[in-house]
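Listing of work25.csv; format and content: CSV, C-alpha atoms.
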```
chain,number,residue,atom,x,y,z
A,782,MET,CA,-28.0,16.7,156.3
A,783,GLY,CA,-30.8,18.7,154.8
A,784,ASN,CA,-28.5,20.2,152.1
A,785,LEU,CA,-27.5,17.2,150.1
A,786,TYR,CA,-29.4,16.3,146.9
A,787,ILE,CA,-28.7,13.8,144.1
A,788,GLY,CA,-30.0,13.5,140.6
A,789,LEU,CA,-30.0,10.5,138.2
A,790,LEU,CA,-30.1,11.9,134.7
A,791,HIS,CA,-31.6,10.0,131.7
A,792,PHE,CA,-31.1,12.9,129.4
A,793,PRO,CA,-28.9,14.4,127.8
A,794,ILE,CA,-26.8,11.2,127.9
A,795,LYS,CA,-24.3,9.7,125.6
A,796,ASN,CA,-24.9,6.2,124.1
A,797,ARG,CA,-22.0,3.9,123.2
A,798,ARG,CA,-21.5,5.7,119.9
A,799,GLY,CA,-21.3,9.1,121.6
A,800,GLU,CA,-24.7,10.2,120.4
A,801,ILE,CA,-27.0,12.2,122.7
A,802,VAL,CA,-30.0,10.1,123.7
A,803,ALA,CA,-32.6,9.7,126.5
A,804,THR,CA,-31.8,6.4,128.2
A,805,ALA,CA,-34.5,4.1,129.6
A,806,LEU,CA,-35.3,4.0,133.3
A,807,THR,CA,-33.9,1.0,135.2
A,808,SER,CA,-36.2,-0.1,138.0
A,809,LEU,CA,-33.3,-1.1,140.2
A,810,ASP,CA,-31.7,2.3,139.8
A,811,VAL,CA,-34.8,3.7,141.4
A,812,HIS,CA,-34.7,1.2,144.4
A,813,ASP,CA,-31.0,0.8,145.0
A,814,ILE,CA,-30.1,4.5,144.8
A,815,ALA,CA,-33.1,5.5,147.0
A,816,ARG,CA,-31.9,3.0,149.7
A,817,THR,CA,-28.3,4.2,149.5
A,818,SER,CA,-29.3,7.9,149.5
A,819,HIS,CA,-31.6,7.5,152.5
A,820,THR,CA,-28.8,5.6,154.4
A,821,TYR,CA,-26.5,8.6,153.8
A,822,GLY,CA,-29.1,11.2,154.7
A,823,VAL,CA,-29.7,12.6,151.2
A,824,ALA,CA,-32.7,15.1,151.3
A,825,THR,CA,-34.1,14.3,147.9
A,826,TYR,CA,-33.2,11.8,145.1
A,827,PHE,CA,-34.3,13.2,141.8
A,828,VAL,CA,-35.1,10.7,139.0
A,829,VAL,CA,-34.8,12.9,135.9
A,830,THR,CA,-36.3,11.9,132.5
A,831,PRO,CA,-38.0,14.0,129.8
A,832,LEU,CA,-40.2,11.1,128.7
A,833,PRO,CA,-43.7,11.2,130.3
A,834,SER,CA,-44.1,7.4,129.9
A,835,GLN,CA,-40.9,6.9,131.8
A,836,GLN,CA,-41.9,9.4,134.5
A,837,ASP,CA,-45.1,7.4,134.9
A,838,ILE,CA,-43.1,4.2,135.4
A,839,ALA,CA,-40.9,5.9,138.0
A,840,TRP,CA,-43.9,7.2,139.9
A,841,LYS,CA,-45.5,3.8,139.8
A,842,ILE,CA,-42.5,2.1,141.3
A,843,VAL,CA,-42.5,4.7,144.1
A,844,GLY,CA,-46.3,4.5,144.6
A,845,PHE,CA,-46.2,0.7,144.8
A,846,TRP,CA,-43.9,0.8,147.8
A,847,THR,CA,-45.2,3.9,149.5
A,848,GLU,CA,-49.0,3.5,149.3
A,849,GLY,CA,-51.4,0.7,150.2
A,850,GLU,CA,-50.7,-2.9,151.1
A,851,GLU,CA,-47.1,-3.3,150.1
A,852,ALA,CA,-46.2,-0.2,152.0
A,853,GLU,CA,-47.4,-1.7,155.2
A,854,GLN,CA,-46.0,-5.2,154.7
A,855,ARG,CA,-42.6,-4.6,153.2
A,856,SER,CA,-40.9,-3.1,156.2
A,857,ARG,CA,-38.9,0.0,155.4
A,858,ARG,CA,-38.5,-0.1,151.7
A,859,GLY,CA,-41.2,2.6,151.3
A,860,GLU,CA,-39.4,4.9,153.6
A,861,ALA,CA,-36.4,5.1,151.3
A,862,LEU,CA,-38.6,5.5,148.2
A,863,GLU,CA,-40.3,8.5,149.8
A,864,ILE,CA,-37.2,10.7,149.2
A,865,ILE,CA,-37.7,10.2,145.4
A,866,HIS,CA,-39.0,13.1,143.2
A,867,VAL,CA,-39.5,12.4,139.5
A,868,ALA,CA,-38.8,15.4,137.2
A,869,ALA,CA,-38.6,16.2,133.5
A,870,ASP,CA,-35.3,18.0,133.4
A,871,LEU,CA,-32.3,19.4,135.3
A,872,ASP,CA,-33.8,22.9,135.4
A,873,GLU,CA,-37.0,21.7,137.1
A,874,THR,CA,-34.9,20.0,139.8
A,875,VAL,CA,-32.7,23.0,140.4
A,876,GLN,CA,-35.8,25.2,140.6
A,877,ILE,CA,-37.3,22.8,143.3
A,878,ILE,CA,-34.1,22.9,145.3
A,879,SER,CA,-33.7,26.7,145.0
A,880,GLU,CA,-37.3,27.2,146.3
A,881,ALA,CA,-36.9,24.8,149.2
A,882,GLU,CA,-33.5,26.2,150.2
A,883,GLY,CA,-33.8,29.9,149.3
A,884,GLN,CA,-30.7,29.7,147.1
A,885,ARG,CA,-29.4,27.9,144.0
A,886,PRO,CA,-27.6,24.7,144.7
A,887,LEU,CA,-23.9,24.1,143.9
A,888,LEU,CA,-24.0,21.7,140.9
A,889,VAL,CA,-21.5,18.9,141.2
A,890,GLY,CA,-21.0,16.6,138.2
A,891,THR,CA,-19.6,13.0,138.1
A,892,SER,CA,-17.9,11.2,135.3
A,893,ALA,CA,-16.0,7.9,134.9
A,894,ARG,CA,-13.7,9.5,132.3
A,895,THR,CA,-10.8,11.9,132.9
A,896,ALA,CA,-10.7,14.8,130.4
A,897,ASP,CA,-8.1,17.6,130.3
A,898,ALA,CA,-10.9,20.1,129.7
A,899,ASN,CA,-12.4,19.3,133.1
A,900,TYR,CA,-9.3,19.4,135.4
A,901,ALA,CA,-10.1,23.0,136.4
A,902,LYS,CA,-13.4,21.9,137.8
A,903,TYR,CA,-12.2,19.0,139.9
A,904,ILE,CA,-13.0,19.2,143.6
A,905,PRO,CA,-11.3,16.8,146.0
A,906,TYR,CA,-13.8,14.6,147.9
A,907,GLU,CA,-12.7,15.9,151.3
A,908,GLU,CA,-13.2,19.5,150.1
A,909,LEU,CA,-16.8,18.7,149.1
A,910,THR,CA,-17.3,16.9,152.4
A,911,THR,CA,-16.4,20.2,154.2
A,912,LYS,CA,-18.9,22.1,152.1
A,913,ILE,CA,-21.6,19.5,152.8
A,914,LEU,CA,-21.0,19.5,156.6
A,915,GLN,CA,-20.1,23.1,157.2
A,916,SER,CA,-21.7,25.3,154.6
A,917,HIS,CA,-25.4,26.0,154.4
A,918,CYS,CA,-25.4,26.0,150.7
A,919,PRO,CA,-27.4,23.1,149.0
A,920,ILE,CA,-25.2,20.7,147.2
A,921,TYR,CA,-26.6,18.8,144.2
A,922,ILE,CA,-24.6,15.8,142.8
A,923,LEU,CA,-25.5,14.6,139.3
A,924,PHE,CA,-25.0,11.1,138.0
A,925,GLY,CA,-25.4,10.1,134.4
A,926,THR,CA,-26.8,6.8,133.0
A,927,GLY,CA,-25.8,5.1,129.7
A,928,TRP,CA,-22.3,6.1,128.6
A,929,GLY,CA,-22.3,9.2,130.8
A,930,MET,CA,-23.5,12.8,130.9
A,931,SER,CA,-23.0,15.0,127.8
A,932,GLU,CA,-20.1,17.4,127.7
A,933,GLU,CA,-22.6,20.3,127.7
A,934,LEU,CA,-24.2,19.0,130.9
A,935,ILE,CA,-20.7,18.7,132.5
A,936,ALA,CA,-20.0,22.3,131.4
A,937,THR,CA,-22.9,23.6,133.4
A,938,CYS,CA,-21.6,22.1,136.6
A,939,ASP,CA,-19.8,24.3,139.2
A,940,PHE,CA,-17.6,21.4,140.2
A,941,LEU,CA,-16.7,17.9,139.0
A,942,LEU,CA,-15.8,15.0,141.3
A,943,PRO,CA,-12.7,13.0,140.1
A,944,PRO,CA,-13.4,9.6,138.5
A,945,ILE,CA,-13.4,6.5,140.8
A,946,ARG,CA,-10.3,4.3,140.0
A,947,PRO,CA,-9.5,6.2,136.8
A,948,ASP,CA,-6.4,4.1,136.1
A,949,ALA,CA,-7.9,0.6,136.6
A,950,LEU,CA,-7.5,-1.6,133.6
A,951,PHE,CA,-11.2,-2.4,133.8
A,952,ASN,CA,-13.5,0.5,135.0
A,953,HIS,CA,-17.1,-0.2,134.4
A,954,LEU,CA,-19.0,0.4,137.6
A,955,SER,CA,-22.8,0.4,137.5
A,956,VAL,CA,-24.3,3.8,138.3
A,957,ARG,CA,-25.8,2.1,141.4
A,958,ALA,CA,-22.2,1.2,142.6
A,959,ALA,CA,-20.9,4.7,141.6
A,960,VAL,CA,-23.5,6.5,143.7
A,961,ALA,CA,-22.8,4.2,146.7
A,962,ILE,CA,-19.0,4.7,146.5
A,963,THR,CA,-19.4,8.5,146.0
A,964,LEU,CA,-21.7,9.0,149.0
A,965,ASP,CA,-19.4,6.8,151.2
A,966,ARG,CA,-16.3,8.7,150.0
A,967,LEU,CA,-18.0,12.0,150.9
A,968,LEU,CA,-19.6,11.0,154.2
A,969,GLY,CA,-18.4,7.6,155.3
A,970,ASP,CA,-19.7,7.1,158.9
A,971,GLN,CA,-20.1,10.8,159.4
A,972,ASN,CA,-23.3,12.6,160.1
A,973,GLN,CA,-25.4,9.6,160.9
B,862,MET,CA,-4.1,-8.1,143.6
B,863,GLY,CA,-4.2,-11.8,143.1
B,864,ASN,CA,-5.0,-12.5,146.7
B,865,LEU,CA,-8.5,-10.9,147.1
B,866,TYR,CA,-11.6,-13.0,146.8
B,867,ILE,CA,-15.2,-12.3,147.5
B,868,GLY,CA,-18.2,-14.6,148.0
B,869,LEU,CA,-22.0,-13.8,147.8
B,870,LEU,CA,-23.7,-16.4,150.0
B,871,HIS,CA,-27.3,-17.5,149.4
B,872,PHE,CA,-27.2,-20.1,152.2
B,873,PRO,CA,-27.2,-20.2,155.2
B,874,ILE,CA,-29.0,-16.9,155.3
B,875,LYS,CA,-31.6,-15.3,157.6
B,876,ASN,CA,-35.0,-14.3,156.3
B,877,ARG,CA,-37.0,-11.4,157.8
B,878,ARG,CA,-38.3,-13.7,160.5
B,879,GLY,CA,-34.8,-14.8,161.5
B,880,GLU,CA,-35.3,-18.3,160.0
B,881,ILE,CA,-32.4,-19.9,158.1
B,882,VAL,CA,-33.2,-20.2,154.4
B,883,ALA,CA,-31.6,-20.4,151.0
B,884,THR,CA,-32.3,-17.1,149.2
B,885,ALA,CA,-33.0,-16.8,145.5
B,886,LEU,CA,-30.4,-15.6,143.1
B,887,THR,CA,-30.8,-12.0,141.9
B,888,SER,CA,-29.5,-11.5,138.3
B,889,LEU,CA,-28.3,-8.0,139.0
B,890,ASP,CA,-26.2,-9.2,142.0
B,891,VAL,CA,-24.3,-11.4,139.5
B,892,HIS,CA,-23.7,-8.5,137.1
B,893,ASP,CA,-23.2,-5.5,139.4
B,894,ILE,CA,-20.9,-7.3,141.8
B,895,ALA,CA,-18.8,-8.8,139.0
B,896,ARG,CA,-18.3,-5.3,137.5
B,897,THR,CA,-17.4,-3.8,140.8
B,898,SER,CA,-15.1,-6.7,141.7
B,899,HIS,CA,-13.3,-6.6,138.4
B,900,THR,CA,-12.9,-2.8,138.8
B,901,TYR,CA,-11.2,-3.3,142.2
B,902,GLY,CA,-9.0,-6.2,141.0
B,903,VAL,CA,-10.8,-9.1,142.8
B,904,ALA,CA,-9.3,-12.4,141.6
B,905,THR,CA,-12.5,-14.5,141.8
B,906,TYR,CA,-16.1,-13.6,142.7
B,907,PHE,CA,-17.9,-16.7,144.0
B,908,VAL,CA,-21.7,-16.9,143.7
B,909,VAL,CA,-22.6,-19.5,146.3
B,910,THR,CA,-25.9,-21.4,146.3
B,911,PRO,CA,-26.7,-25.0,147.3
B,912,LEU,CA,-29.6,-25.2,144.8
B,913,PRO,CA,-28.6,-26.8,141.5
B,914,SER,CA,-31.4,-24.9,139.6
B,915,GLN,CA,-30.0,-21.6,140.9
B,916,GLN,CA,-26.5,-22.6,140.0
B,917,ASP,CA,-27.7,-23.3,136.5
B,918,ILE,CA,-29.2,-19.8,136.3
B,919,ALA,CA,-26.0,-18.2,137.5
B,920,TRP,CA,-23.9,-20.1,135.0
B,921,LYS,CA,-26.4,-19.2,132.2
B,922,ILE,CA,-26.0,-15.5,133.1
B,923,VAL,CA,-22.3,-15.8,132.9
B,924,GLY,CA,-22.3,-17.9,129.7
B,925,PHE,CA,-24.7,-15.5,128.0
B,926,TRP,CA,-22.1,-12.7,128.3
B,927,THR,CA,-18.9,-14.7,128.0
B,928,GLU,CA,-19.6,-17.0,125.1
B,929,GLY,CA,-20.9,-16.5,121.5
B,930,GLU,CA,-22.5,-13.5,119.9
B,931,GLU,CA,-23.3,-11.3,122.9
B,932,ALA,CA,-19.7,-11.7,124.2
B,933,GLU,CA,-18.4,-10.2,121.0
B,934,GLN,CA,-21.0,-7.4,120.7
B,935,ARG,CA,-21.4,-6.1,124.2
B,936,SER,CA,-18.0,-4.6,124.7
B,937,ARG,CA,-16.5,-5.5,128.1
B,938,ARG,CA,-19.4,-6.9,130.2
B,939,GLY,CA,-18.1,-10.4,129.5
B,940,GLU,CA,-14.7,-9.6,130.8
B,941,ALA,CA,-16.2,-8.8,134.3
B,942,LEU,CA,-18.4,-11.9,134.3
B,943,GLU,CA,-15.4,-14.1,133.6
B,944,ILE,CA,-14.2,-13.7,137.2
B,945,ILE,CA,-17.3,-15.4,138.5
B,946,HIS,CA,-17.3,-19.0,139.8
B,947,VAL,CA,-20.5,-20.6,140.8
B,948,ALA,CA,-20.2,-23.0,143.8
B,949,ALA,CA,-22.5,-25.1,146.1
B,950,ASP,CA,-21.2,-24.0,149.5
B,951,LEU,CA,-18.6,-22.1,151.4
B,952,ASP,CA,-16.4,-25.2,151.9
B,953,GLU,CA,-16.1,-25.7,148.2
B,954,THR,CA,-15.0,-22.1,147.6
B,955,VAL,CA,-12.4,-22.2,150.5
B,956,GLN,CA,-11.1,-25.4,148.9
B,957,ILE,CA,-10.7,-23.8,145.5
B,958,ILE,CA,-8.9,-20.8,147.0
B,959,SER,CA,-6.6,-23.0,149.1
B,960,GLU,CA,-5.6,-25.1,146.1
B,961,ALA,CA,-4.9,-22.0,143.9
B,962,GLU,CA,-3.0,-20.2,146.6
B,963,GLY,CA,-1.3,-23.0,148.5
B,964,GLN,CA,-2.8,-21.9,151.8
B,965,ARG,CA,-6.2,-21.4,153.4
B,966,PRO,CA,-7.7,-17.9,153.0
B,967,LEU,CA,-8.4,-15.6,155.9
B,968,LEU,CA,-12.2,-15.5,156.1
B,969,VAL,CA,-13.6,-12.1,156.6
B,970,GLY,CA,-17.4,-11.7,157.3
B,971,THR,CA,-19.6,-8.6,156.8
B,972,SER,CA,-22.8,-7.7,158.6
B,973,ALA,CA,-25.1,-4.7,158.7
B,974,ARG,CA,-25.8,-5.3,162.4
B,975,THR,CA,-23.6,-4.6,165.4
B,976,ALA,CA,-23.6,-7.4,167.9
B,977,ASP,CA,-21.6,-7.5,171.2
B,978,ALA,CA,-20.7,-11.1,170.5
B,979,ASN,CA,-18.7,-10.0,167.4
B,980,TYR,CA,-16.7,-7.1,168.8
B,981,ALA,CA,-13.6,-9.3,169.3
B,982,LYS,CA,-13.6,-10.2,165.6
B,983,TYR,CA,-13.8,-6.6,164.3
B,984,ILE,CA,-10.9,-5.6,162.1
B,985,PRO,CA,-10.6,-1.9,161.0
B,986,TYR,CA,-10.8,-1.4,157.3
B,987,GLU,CA,-7.2,0.1,157.1
B,988,GLU,CA,-5.8,-3.0,158.9
B,989,LEU,CA,-7.4,-5.3,156.3
B,990,THR,CA,-6.1,-3.0,153.6
B,991,THR,CA,-2.6,-3.6,154.9
B,992,LYS,CA,-3.1,-7.4,154.9
B,993,ILE,CA,-4.4,-7.2,151.3
B,994,LEU,CA,-1.6,-5.1,150.0
B,995,GLN,CA,1.3,-6.4,152.0
B,996,SER,CA,0.7,-10.0,153.0
B,997,HIS,CA,0.7,-12.8,150.6
B,998,CYS,CA,-2.1,-14.6,152.4
B,999,PRO,CA,-5.4,-14.9,150.4
B,1000,ILE,CA,-8.2,-12.8,151.8
B,1001,TYR,CA,-11.8,-14.0,151.3
B,1002,ILE,CA,-14.6,-11.5,152.1
B,1003,LEU,CA,-18.1,-12.9,152.5
B,1004,PHE,CA,-21.4,-11.0,151.9
B,1005,GLY,CA,-24.8,-12.3,152.8
B,1006,THR,CA,-28.1,-11.9,150.9
B,1007,GLY,CA,-31.6,-11.7,152.4
B,1008,TRP,CA,-31.5,-10.5,156.0
B,1009,GLY,CA,-27.8,-11.4,156.5
B,1010,MET,CA,-25.4,-14.3,157.2
B,1011,SER,CA,-26.4,-16.7,160.0
B,1012,GLU,CA,-24.6,-16.4,163.3
B,1013,GLU,CA,-23.0,-19.8,162.8
B,1014,LEU,CA,-21.5,-18.5,159.5
B,1015,ILE,CA,-20.2,-15.4,161.2
B,1016,ALA,CA,-18.7,-17.6,163.9
B,1017,THR,CA,-16.6,-19.4,161.4
B,1018,CYS,CA,-15.0,-16.2,160.1
B,1019,ASP,CA,-11.5,-15.1,161.2
B,1020,PHE,CA,-12.4,-11.5,161.2
B,1021,LEU,CA,-15.5,-9.3,160.7
B,1022,LEU,CA,-15.6,-5.9,159.0
B,1023,PRO,CA,-17.5,-3.3,161.1
B,1024,PRO,CA,-21.0,-2.4,159.7
B,1025,ILE,CA,-21.3,0.5,157.3
B,1026,ARG,CA,-23.1,3.5,158.9
B,1027,PRO,CA,-24.3,1.5,162.0
B,1028,ASP,CA,-25.9,4.5,163.7
B,1029,ALA,CA,-27.9,5.8,160.7
B,1030,LEU,CA,-31.6,6.0,161.4
B,1031,PHE,CA,-32.2,4.1,158.2
B,1032,ASN,CA,-29.6,1.6,157.2
B,1033,HIS,CA,-30.8,-0.8,154.4
B,1034,LEU,CA,-28.1,-0.8,151.7
B,1035,SER,CA,-28.5,-3.4,149.0
B,1036,VAL,CA,-25.8,-6.0,149.0
B,1037,ARG,CA,-24.7,-4.5,145.6
B,1038,ALA,CA,-24.1,-1.2,147.3
B,1039,ALA,CA,-22.5,-2.8,150.4
B,1040,VAL,CA,-19.9,-4.7,148.2
B,1041,ALA,CA,-19.1,-1.5,146.3
B,1042,ILE,CA,-18.6,0.6,149.5
B,1043,THR,CA,-16.6,-2.2,151.2
B,1044,LEU,CA,-14.2,-2.6,148.3
B,1045,ASP,CA,-13.8,1.1,148.0
B,1046,ARG,CA,-13.1,1.6,151.7
B,1047,LEU,CA,-10.5,-1.1,151.5
B,1048,LEU,CA,-8.8,-0.1,148.2
B,1049,GLY,CA,-10.1,3.3,147.1
B,1050,ASP,CA,-7.8,4.3,144.2
B,1051,GLN,CA,-5.0,2.1,145.4
B,1052,ASN,CA,-3.5,-0.8,143.4
B,1053,GLN,CA,-5.2,0.0,140.1
```

Output the file's structure as structure tokens, nothing else.
Amino acid sequence: MGNLYIGLLHFPIKNRRGEIVATALTSLDVHDIARTSHTYGVATYFVVTPLPSQQDIAWKIVGFWTEGEEAEQRSRRGEALEIIHVAADLDETVQIISEAEGQRPLLVGTSARTADANYAKYIPYEELTTKILQSHCPIYILFGTGWGMSEELIATCDFLLPPIRPDALFNHLSVRAAVAITLDRLLGDQNQ
Amino acid sequence: MGNLYIGLLHFPIKNRRGEIVATALTSLDVHDIARTSHTYGVATYFVVTPLPSQQDIAWKIVGFWTEGEEAEQRSRRGEALEIIHVAADLDETVQIISEAEGQRPLLVGTSARTADANYAKYIPYEELTTKILQSHCPIYILFGTGWGMSEELIATCDFLLPPIRPDALFNHLSVRAAVAITLDRLLGDQNQ
């Protein structure tokens, strides 16, 4: 599954008041999502933040587990973190994928909210599965942090995956859980 | 979905050398799994540890978000944590469910490893879904921490869910991701 990429975006993100902000990196987002991504055969997991200090922190987390003493002792944690690439913005990651694959990836957004404006972009999970397994086009799935990706960011996506449990009375999954559920809905036990 | 319960067990658990230990509580296991459980309509999420100091920590995490100032300010985080019950051992939790439901729950184990000894206990996800949605029997799904539930613990289960992506070259999901994937495989967008 060389053609599947995911990105965790820390900008441009909405905060609880709907303002556009850069969210802070969460160490466990780096770890958990790397482990999940590697289990589902994701080629690269991009951690995207425009703040150099936050990029440093992300690289340090990766380096701690992939270089030196910890890397040898802590079994296979480092192997998962090796699929991480820290980048400044979405454009940079699209550029990296385009150069590696020889073509621009399909950009697939995710959101916990249903919005009329986005219905036209919805792609059923099984349809995206077919694209992942049968087309040679790189597929790049984006996940927001904070209170979600900005509308402008969603507008740049080619497709949008429908929200998970949109009608639940309570629907506040962590992004770590959302990534796990999304990858499992797309691939399940396929392509191991 | 009053009949679905989950438990996160910190004892008896295997460590990386296969020894039986009590693992330490992870704060984010409390939060993430509560949010996921509440999103999927789980009745009670049991955090199970025999160590009184660890039980105190768990109750403090719950109390911080469900009582006082934070509870009012931090939107709906407290609502998810209210489904948590901290208990000393599996028996205590089975007792609580039995009293609430008027019958003993079906115990369903989970494991990342395939083992010949357990094949007879495997229940397909869709079969367990039917039990959850159509029978009135309480269903109690157990998740291990550390390197997984002890064999003795698995032996006491009525059923065992098949491992997630058992043939993946790398298969090291966090328990937070495993809970999210398991609940989504069982319920998806049903019963919201």

Length of the CA of Thr911 (chain A) to CA of Asp939 (chain A) vector [Å]: 15.9 Å

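From CA of Ile1025 (chain B) back to CA of Gly969 (chain A), the distance works out to 7.9 Å.
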
For CA of Leu806 (chain A) and CA of Leu832 (chain A), the interatomic separation in Å (one decimal): 9.8 Å

List every residue of chain A that has an atom at most 10 Å from any atom of chain B, and for each one report the closest atom pair and its distance in Å to one decimal, counting all atoms listed in the file, with rows sorted by chain and then by increasing residue number, as JSON lines.
```
{"residue": "A:Arg797", "atom": "CA", "partner": "B:Ser936", "partner_atom": "CA", "distance": 9.5}
{"residue": "A:Leu809", "atom": "CA", "partner": "B:Leu889", "partner_atom": "CA", "distance": 8.6}
{"residue": "A:His812", "atom": "CA", "partner": "B:Ser1035", "partner_atom": "CA", "distance": 9.0}
{"residue": "A:Asp813", "atom": "CA", "partner": "B:Ser1035", "partner_atom": "CA", "distance": 6.3}
{"residue": "A:Ile814", "atom": "CA", "partner": "B:Ala1038", "partner_atom": "CA", "distance": 8.6}
{"residue": "A:Ala815", "atom": "CA", "partner": "B:Leu1034", "partner_atom": "CA", "distance": 9.3}
{"residue": "A:Arg816", "atom": "CA", "partner": "B:Leu1034", "partner_atom": "CA", "distance": 5.7}
{"residue": "A:Thr817", "atom": "CA", "partner": "B:Leu1034", "partner_atom": "CA", "distance": 5.5}
{"residue": "A:Ser818", "atom": "CA", "partner": "B:Leu1034", "partner_atom": "CA", "distance": 9.1}
{"residue": "A:His819", "atom": "CA", "partner": "B:Phe1031", "partner_atom": "CA", "distance": 6.7}
{"residue": "A:Thr820", "atom": "CA", "partner": "B:Asn1032", "partner_atom": "CA", "distance": 4.9}
{"residue": "A:Tyr821", "atom": "CA", "partner": "B:Ala1029", "partner_atom": "CA", "distance": 7.6}
{"residue": "A:Gly822", "atom": "CA", "partner": "B:Ala1029", "partner_atom": "CA", "distance": 8.2}
{"residue": "A:Arg855", "atom": "CA", "partner": "B:Arg877", "partner_atom": "CA", "distance": 9.9}
{"residue": "A:Ser856", "atom": "CA", "partner": "B:Arg877", "partner_atom": "CA", "distance": 9.3}
{"residue": "A:Arg857", "atom": "CA", "partner": "B:His1033", "partner_atom": "CA", "distance": 8.2}
{"residue": "A:Arg858", "atom": "CA", "partner": "B:His1033", "partner_atom": "CA", "distance": 8.2}
{"residue": "A:Glu860", "atom": "CA", "partner": "B:Phe1031", "partner_atom": "CA", "distance": 8.6}
{"residue": "A:Ala861", "atom": "CA", "partner": "B:Phe1031", "partner_atom": "CA", "distance": 8.1}
{"residue": "A:Pro944", "atom": "CA", "partner": "B:Asp1050", "partner_atom": "CA", "distance": 9.6}
{"residue": "A:Ile945", "atom": "CA", "partner": "B:Asp1050", "partner_atom": "CA", "distance": 6.9}
{"residue": "A:Arg946", "atom": "CA", "partner": "B:Asp1050", "partner_atom": "CA", "distance": 4.9}
{"residue": "A:Pro947", "atom": "CA", "partner": "B:Asp1050", "partner_atom": "CA", "distance": 7.8}
{"residue": "A:Asp948", "atom": "CA", "partner": "B:Gln1053", "partner_atom": "CA", "distance": 5.9}
{"residue": "A:Ala949", "atom": "CA", "partner": "B:Gln1053", "partner_atom": "CA", "distance": 4.5}
{"residue": "A:Leu950", "atom": "CA", "partner": "B:Gln1053", "partner_atom": "CA", "distance": 7.1}
{"residue": "A:Phe951", "atom": "CA", "partner": "B:Thr900", "partner_atom": "CA", "distance": 5.3}
{"residue": "A:Asn952", "atom": "CA", "partner": "B:Thr900", "partner_atom": "CA", "distance": 5.1}
{"residue": "A:His953", "atom": "CA", "partner": "B:Arg896", "partner_atom": "CA", "distance": 6.1}
{"residue": "A:Leu954", "atom": "CA", "partner": "B:Thr897", "partner_atom": "CA", "distance": 5.5}
{"residue": "A:Ser955", "atom": "CA", "partner": "B:Asp893", "partner_atom": "CA", "distance": 6.2}
{"residue": "A:Val956", "atom": "CA", "partner": "B:Asp893", "partner_atom": "CA", "distance": 9.4}
{"residue": "A:Arg957", "atom": "CA", "partner": "B:Ala1038", "partner_atom": "CA", "distance": 7.0}
{"residue": "A:Ala958", "atom": "CA", "partner": "B:Ala1041", "partner_atom": "CA", "distance": 5.5}
{"residue": "A:Ala959", "atom": "CA", "partner": "B:Ala1041", "partner_atom": "CA", "distance": 8.0}
{"residue": "A:Val960", "atom": "CA", "partner": "B:Ala1038", "partner_atom": "CA", "distance": 8.5}
{"residue": "A:Ala961", "atom": "CA", "partner": "B:Ala1038", "partner_atom": "CA", "distance": 5.6}
{"residue": "A:Ile962", "atom": "CA", "partner": "B:Ile1042", "partner_atom": "CA", "distance": 5.1}
{"residue": "A:Thr963", "atom": "CA", "partner": "B:Ile1042", "partner_atom": "CA", "distance": 8.7}
{"residue": "A:Leu964", "atom": "CA", "partner": "B:Ile1042", "partner_atom": "CA", "distance": 9.0}
{"residue": "A:Asp965", "atom": "CA", "partner": "B:Ile1042", "partner_atom": "CA", "distance": 6.5}
{"residue": "A:Arg966", "atom": "CA", "partner": "B:Arg1046", "partner_atom": "CA", "distance": 8.0}
{"residue": "A:Leu968", "atom": "CA", "partner": "B:Arg1026", "partner_atom": "CA", "distance": 9.5}
{"residue": "A:Gly969", "atom": "CA", "partner": "B:Arg1026", "partner_atom": "CA", "distance": 7.2}
{"residue": "A:Asp970", "atom": "CA", "partner": "B:Arg1026", "partner_atom": "CA", "distance": 5.0}
{"residue": "A:Gln971", "atom": "CA", "partner": "B:Arg1026", "partner_atom": "CA", "distance": 7.9}
{"residue": "A:Asn972", "atom": "CA", "partner": "B:Ala1029", "partner_atom": "CA", "distance": 8.2}
{"residue": "A:Gln973", "atom": "CA", "partner": "B:Ala1029", "partner_atom": "CA", "distance": 4.6}
```

List the spatial neighbours of Glu880 (chain B) as a compact mmCIF listing (two decimals) with C-alpha atoms, in the frame of the given file - criterion: any atom at most 10 Å away, all atoms listed in the file, same-chain residues fewer than 5 positions off excluded.
```txt
# COMPACT_ATOMS: atom_id res chain seq x y z
CA PRO B 873 -27.20 -20.20 155.20
CA ILE B 874 -29.00 -16.90 155.30
CA LYS B 875 -31.60 -15.30 157.60
CA TRP B 1008 -31.50 -10.50 156.00
CA SER B 1011 -26.40 -16.70 160.00
```

Shell around Ala919 (chain B) at 10 Å using all atoms listed in the file, local window under 6 positions removed, as a ChimeraX atom specification: /B:886-888,891-892,908-910,913,925,945-948

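Counting all atoms listed in the file and comparing B:Gly939, B:Gly1007, B:Pro966, B:Pro1023, the residue that lies closest to Ala885 (chain B) is B:Gly1007.
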
Top pick for closest residue to Ala881 (chain A), considering A:Leu941, A:Cys918, A:Ile838, A:Leu923 and counting all atoms listed in the file: A:Cys918

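Here the question is which of A:Thr926, A:Glu863, A:Lys902, A:Arg894 gets nearest to Thr804 (chain A) using all atoms listed in the file, and that residue is A:Thr926.
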